[in-house]
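A.B. asks: Let me begin by handing over the structure; questions about it come next.
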Amino acid sequence: CKYENNEEESSYILMRKDDLPVSGESSYIDISLTEYNNISSLPQPNQTSWPEQQNEENHEPDSTLKNITSTLSDILVPHFKRLSNPLLLLYLLYKCLTYFVIHLPITFLPDLIASFFNENSNTPEFDNYNVGYVLSILGICNCVSRLLAGYICDFPKINALIVSAIAAWMAAVCSLVMAHYASYEAYFICAAAYGLCIGPLQALSVTILCDLFGTESLAANLGLDMFTQGISAMLGILFGGVLYDITKSYTWIYNFAAICLACGGTVCCLSLIHI
């Protein structure tokens, strides 16, 4: 509390020693108002540092950048060191080849069906329902095949790598048939078969990683797997659009997808040999 001494014409304030930036027993002391104003910039009890020191800490981008860099290096370096494992490289190559083209037959299937109806005068007029039926049966078969792949690979004698390799080869055959046999019935059957074939490629990633590398490194390996899948799928769709712009034909896209799927299945089998 503040009081004034009229005789000496000076002002004083009464403070607790806890309010000062010094340690000691809690007691009341008298200081002049001038001295109080001089220490008004001292940190309050709930402050952890001096105001000038806080401003200096807020203007230290170098230390913040170093902390971010060290954190990223601690996270990323161990993951990239795993790439020295040739078996992991084979597996990621298999994922890169398959996911680079796995969505191309699905993405360009509506346009392929529409071009078939427009080029053949003997067929009925094109309707959006024609594409809807084909894509619906593809999606339903894909969901069923994922469940079946997981159930089949639960048996001890079934190797998930062999199932994935066979599925990739069969998906390549379906892509070739869709490219060279132009009929609505062929598109419908091949779409259903393609949905069944790509299901194991999408559902057995965790199973294969556990079989090859164990459960201890599953999280890190699965992160690399998902990263490879995402980058490959994104670039594959872009490449498919560029390929169509160059060739003006969907046949090249489906042929290229078949080649990559077949190569992916072969690389998957090479992983078995390496084991």
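In the structure tokens, chains take the letters A, B, ... in the order shown, each chain's residues start at 1, and ligands count up from 1 in the order shown.
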Skipping near chain neighbours, those fewer than 6 positions away, what residues fall within 7 Å of Ala160 of chain A using only C-alpha atoms, listed as a PDB file with all heavy atoms, in the first residue's frame?
C.D. replies:
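Final file, selection.pdb:
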```pdb
ATOM      1  N   CYS A 153      -4.687 -66.447 -46.218  1.00  0.00           N
ATOM      2  CA  CYS A 153      -3.320 -66.347 -45.712  1.00  0.00           C
ATOM      3  C   CYS A 153      -3.214 -66.647 -44.221  1.00  0.00           C
ATOM      4  O   CYS A 153      -2.094 -66.662 -43.681  1.00  0.00           O
ATOM      5  CB  CYS A 153      -2.761 -64.964 -46.012  1.00  0.00           C
ATOM      6  SG  CYS A 153      -2.453 -64.679 -47.767  1.00  0.00           S
ATOM      7  N   LEU A 204      -2.619 -57.468 -48.227  1.00  0.00           N
ATOM      8  CA  LEU A 204      -1.624 -58.346 -47.622  1.00  0.00           C
ATOM      9  C   LEU A 204      -0.302 -57.646 -47.297  1.00  0.00           C
ATOM     10  O   LEU A 204       0.705 -58.323 -47.048  1.00  0.00           O
ATOM     11  CB  LEU A 204      -1.349 -59.536 -48.550  1.00  0.00           C
ATOM     12  CG  LEU A 204      -2.536 -60.453 -48.821  1.00  0.00           C
ATOM     13  CD1 LEU A 204      -2.144 -61.573 -49.771  1.00  0.00           C
ATOM     14  CD2 LEU A 204      -3.095 -61.019 -47.522  1.00  0.00           C
ATOM     15  N   THR A 207       0.818 -58.433 -43.661  1.00  0.00           N
ATOM     16  CA  THR A 207       1.171 -59.850 -43.537  1.00  0.00           C
ATOM     17  C   THR A 207       2.541 -60.140 -44.143  1.00  0.00           C
ATOM     18  O   THR A 207       3.371 -60.845 -43.548  1.00  0.00           O
ATOM     19  CB  THR A 207       0.102 -60.709 -44.218  1.00  0.00           C
ATOM     20  OG1 THR A 207      -1.175 -60.402 -43.662  1.00  0.00           O
ATOM     21  CG2 THR A 207       0.395 -62.183 -44.019  1.00  0.00           C
ATOM     22  N   ILE A 208       2.801 -59.583 -45.322  1.00  0.00           N
ATOM     23  CA  ILE A 208       4.094 -59.811 -45.980  1.00  0.00           C
ATOM     24  C   ILE A 208       5.231 -59.186 -45.186  1.00  0.00           C
ATOM     25  O   ILE A 208       6.300 -59.790 -45.018  1.00  0.00           O
ATOM     26  CB  ILE A 208       4.053 -59.260 -47.418  1.00  0.00           C
ATOM     27  CG1 ILE A 208       3.047 -60.051 -48.261  1.00  0.00           C
ATOM     28  CG2 ILE A 208       5.424 -59.315 -48.054  1.00  0.00           C
ATOM     29  CD1 ILE A 208       2.845 -59.493 -49.647  1.00  0.00           C
TER      30      ILE A 208
END
```
A.B. asks: My list of candidates is A:Ala182, A:Leu83, A:Cys197, A:Ile189. Which is closest to Ser115 of chain A when distances are computed with only C-alpha atoms?
C.D. replies: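 Once distances to Ser115 of chain A are computed over only C-alpha atoms, the minimum belongs to A:Ala182.
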A.B. asks: Do a neighbour search on Tyr94 of chain A at 8 Å with only C-alpha atoms, toss out local chain neighbours closer than 6 positions, and write the hits as a PDB file with N, CA, C and O atoms, in the first residue's frame.
C.D. replies:
```
ATOM      1  N   CYS A 263       5.644 -57.488 -64.160  1.00  0.00           N
ATOM      2  CA  CYS A 263       6.985 -57.306 -63.585  1.00  0.00           C
ATOM      3  C   CYS A 263       6.918 -57.247 -62.059  1.00  0.00           C
ATOM      4  O   CYS A 263       7.809 -57.774 -61.377  1.00  0.00           O
ATOM      5  N   GLY A 264       5.871 -56.632 -61.524  1.00  0.00           N
ATOM      6  CA  GLY A 264       5.726 -56.599 -60.079  1.00  0.00           C
ATOM      7  C   GLY A 264       5.550 -57.976 -59.478  1.00  0.00           C
ATOM      8  O   GLY A 264       6.128 -58.293 -58.428  1.00  0.00           O
ATOM      9  N   GLY A 265       4.760 -58.812 -60.130  1.00  0.00           N
ATOM     10  CA  GLY A 265       4.613 -60.182 -59.654  1.00  0.00           C
ATOM     11  C   GLY A 265       5.920 -60.956 -59.712  1.00  0.00           C
ATOM     12  O   GLY A 265       6.216 -61.767 -58.820  1.00  0.00           O
ATOM     13  N   VAL A 267       8.993 -59.645 -59.463  1.00  0.00           N
ATOM     14  CA  VAL A 267       9.844 -59.139 -58.379  1.00  0.00           C
ATOM     15  C   VAL A 267       9.397 -59.710 -57.039  1.00  0.00           C
ATOM     16  O   VAL A 267      10.214 -60.008 -56.158  1.00  0.00           O
ATOM     17  N   CYS A 268       8.100 -59.898 -56.890  1.00  0.00           N
ATOM     18  CA  CYS A 268       7.577 -60.498 -55.661  1.00  0.00           C
ATOM     19  C   CYS A 268       8.114 -61.920 -55.484  1.00  0.00           C
ATOM     20  O   CYS A 268       8.451 -62.344 -54.370  1.00  0.00           O
TER      21      CYS A 268
END
```
A.B. asks: Counting only C-alpha atoms, what is within 8 Å of Phe116 of chain A, bar same-chain residues fewer than 3 positions away, as a PyMOL selection string?
C.D. replies: chain A and resi 112-113+119-120+182-183
A.B. asks: Can those selected residues be exported to a file as a PDB file, in the first residue's frame so that it contains all heavy atoms?
C.D. replies:
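Done, and the output landed in selection-v7.pdb:
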```pdb
ATOM      1  N   LEU A 112     -12.916 -45.652 -71.541  1.00  0.00           N
ATOM      2  CA  LEU A 112     -12.773 -46.777 -72.467  1.00  0.00           C
ATOM      3  C   LEU A 112     -14.137 -47.321 -72.882  1.00  0.00           C
ATOM      4  O   LEU A 112     -14.375 -47.597 -74.074  1.00  0.00           O
ATOM      5  CB  LEU A 112     -11.940 -47.879 -71.806  1.00  0.00           C
ATOM      6  CG  LEU A 112     -11.663 -49.129 -72.651  1.00  0.00           C
ATOM      7  CD1 LEU A 112     -10.800 -48.775 -73.855  1.00  0.00           C
ATOM      8  CD2 LEU A 112     -10.978 -50.196 -71.801  1.00  0.00           C
ATOM      9  N   ILE A 113     -15.047 -47.448 -71.927  1.00  0.00           N
ATOM     10  CA  ILE A 113     -16.400 -47.937 -72.247  1.00  0.00           C
ATOM     11  C   ILE A 113     -17.134 -46.923 -73.106  1.00  0.00           C
ATOM     12  O   ILE A 113     -17.832 -47.282 -74.071  1.00  0.00           O
ATOM     13  CB  ILE A 113     -17.164 -48.236 -70.946  1.00  0.00           C
ATOM     14  CG1 ILE A 113     -16.476 -49.365 -70.167  1.00  0.00           C
ATOM     15  CG2 ILE A 113     -18.606 -48.608 -71.238  1.00  0.00           C
ATOM     16  CD1 ILE A 113     -17.097 -49.645 -68.811  1.00  0.00           C
ATOM     17  N   GLU A 119     -17.835 -45.628 -80.848  1.00  0.00           N
ATOM     18  CA  GLU A 119     -17.223 -46.119 -82.082  1.00  0.00           C
ATOM     19  C   GLU A 119     -18.021 -47.229 -82.745  1.00  0.00           C
ATOM     20  O   GLU A 119     -17.799 -47.513 -83.921  1.00  0.00           O
ATOM     21  CB  GLU A 119     -15.801 -46.623 -81.784  1.00  0.00           C
ATOM     22  CG  GLU A 119     -14.833 -45.505 -81.389  1.00  0.00           C
ATOM     23  CD  GLU A 119     -13.491 -46.052 -80.963  1.00  0.00           C
ATOM     24  OE1 GLU A 119     -13.347 -47.304 -80.981  1.00  0.00           O
ATOM     25  OE2 GLU A 119     -12.607 -45.253 -80.600  1.00  0.00           O
ATOM     26  N   ASN A 120     -18.927 -47.882 -82.038  1.00  0.00           N
ATOM     27  CA  ASN A 120     -19.695 -48.991 -82.596  1.00  0.00           C
ATOM     28  C   ASN A 120     -21.155 -48.572 -82.727  1.00  0.00           C
ATOM     29  O   ASN A 120     -21.849 -48.344 -81.724  1.00  0.00           O
ATOM     30  CB  ASN A 120     -19.588 -50.229 -81.691  1.00  0.00           C
ATOM     31  CG  ASN A 120     -18.173 -50.788 -81.660  1.00  0.00           C
ATOM     32  OD1 ASN A 120     -17.788 -51.577 -82.497  1.00  0.00           O
ATOM     33  ND2 ASN A 120     -17.407 -50.350 -80.660  1.00  0.00           N
ATOM     34  N   ALA A 182     -12.869 -55.555 -77.236  1.00  0.00           N
ATOM     35  CA  ALA A 182     -13.795 -54.445 -77.034  1.00  0.00           C
ATOM     36  C   ALA A 182     -15.230 -54.941 -77.101  1.00  0.00           C
ATOM     37  O   ALA A 182     -15.804 -55.121 -78.175  1.00  0.00           O
ATOM     38  CB  ALA A 182     -13.556 -53.360 -78.080  1.00  0.00           C
ATOM     39  N   SER A 183     -15.800 -55.181 -75.946  1.00  0.00           N
ATOM     40  CA  SER A 183     -17.227 -55.485 -75.835  1.00  0.00           C
ATOM     41  C   SER A 183     -17.648 -55.173 -74.410  1.00  0.00           C
ATOM     42  O   SER A 183     -16.848 -55.268 -73.465  1.00  0.00           O
ATOM     43  CB  SER A 183     -17.526 -56.952 -76.171  1.00  0.00           C
ATOM     44  OG  SER A 183     -16.995 -57.819 -75.189  1.00  0.00           O
TER      45      SER A 183
END
```
A.B. asks: If you count only C-alpha atoms, which residues fall within 10 Å of segment 87-89 of chain A, apart from same-chain ones fewer than 4 positions away, as a short mmCIF file (atom, residue, chain, number, x, y, z; two decimals) with C-alpha atoms, in the first residue's frame?
C.D. replies:
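Below you can see around38.cif, which holds the result:
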```
data_model
loop_
_atom_site.label_atom_id
_atom_site.label_comp_id
_atom_site.auth_asym_id
_atom_site.auth_seq_id
_atom_site.Cartn_x
_atom_site.Cartn_y
_atom_site.Cartn_z
CA ARG A 82 16.76 -49.58 -43.69
CA LEU A 83 17.05 -49.19 -47.46
CA LEU A 93 10.28 -52.22 -55.95
CA TYR A 94 7.38 -54.67 -56.15
CA LYS A 95 5.12 -52.09 -54.52
CA LEU A 209 6.07 -57.32 -43.90
CA LEU A 212 9.80 -60.94 -44.15
CA PHE A 213 11.05 -58.65 -41.39
CA ASN A 221 8.65 -50.73 -42.70
CA LEU A 224 8.07 -46.84 -46.05
CA ASP A 225 5.52 -49.11 -47.71
CA LEU A 270 12.38 -62.84 -56.42
CA SER A 271 11.78 -61.87 -52.80
CA LEU A 272 11.01 -65.51 -52.10
CA ILE A 273 14.29 -66.59 -53.70
CA HIS A 274 16.20 -64.03 -51.65
CA ILE A 275 14.70 -65.41 -48.45
#
```
A.B. asks: From the list A:Cys210, A:Gly199, A:Cys141, A:Cys190, which residue is nearest Ala167 of chain A when using only C-alpha atoms?
C.D. replies: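 The answer is A:Gly199, which sits nearest to Ala167 of chain A.
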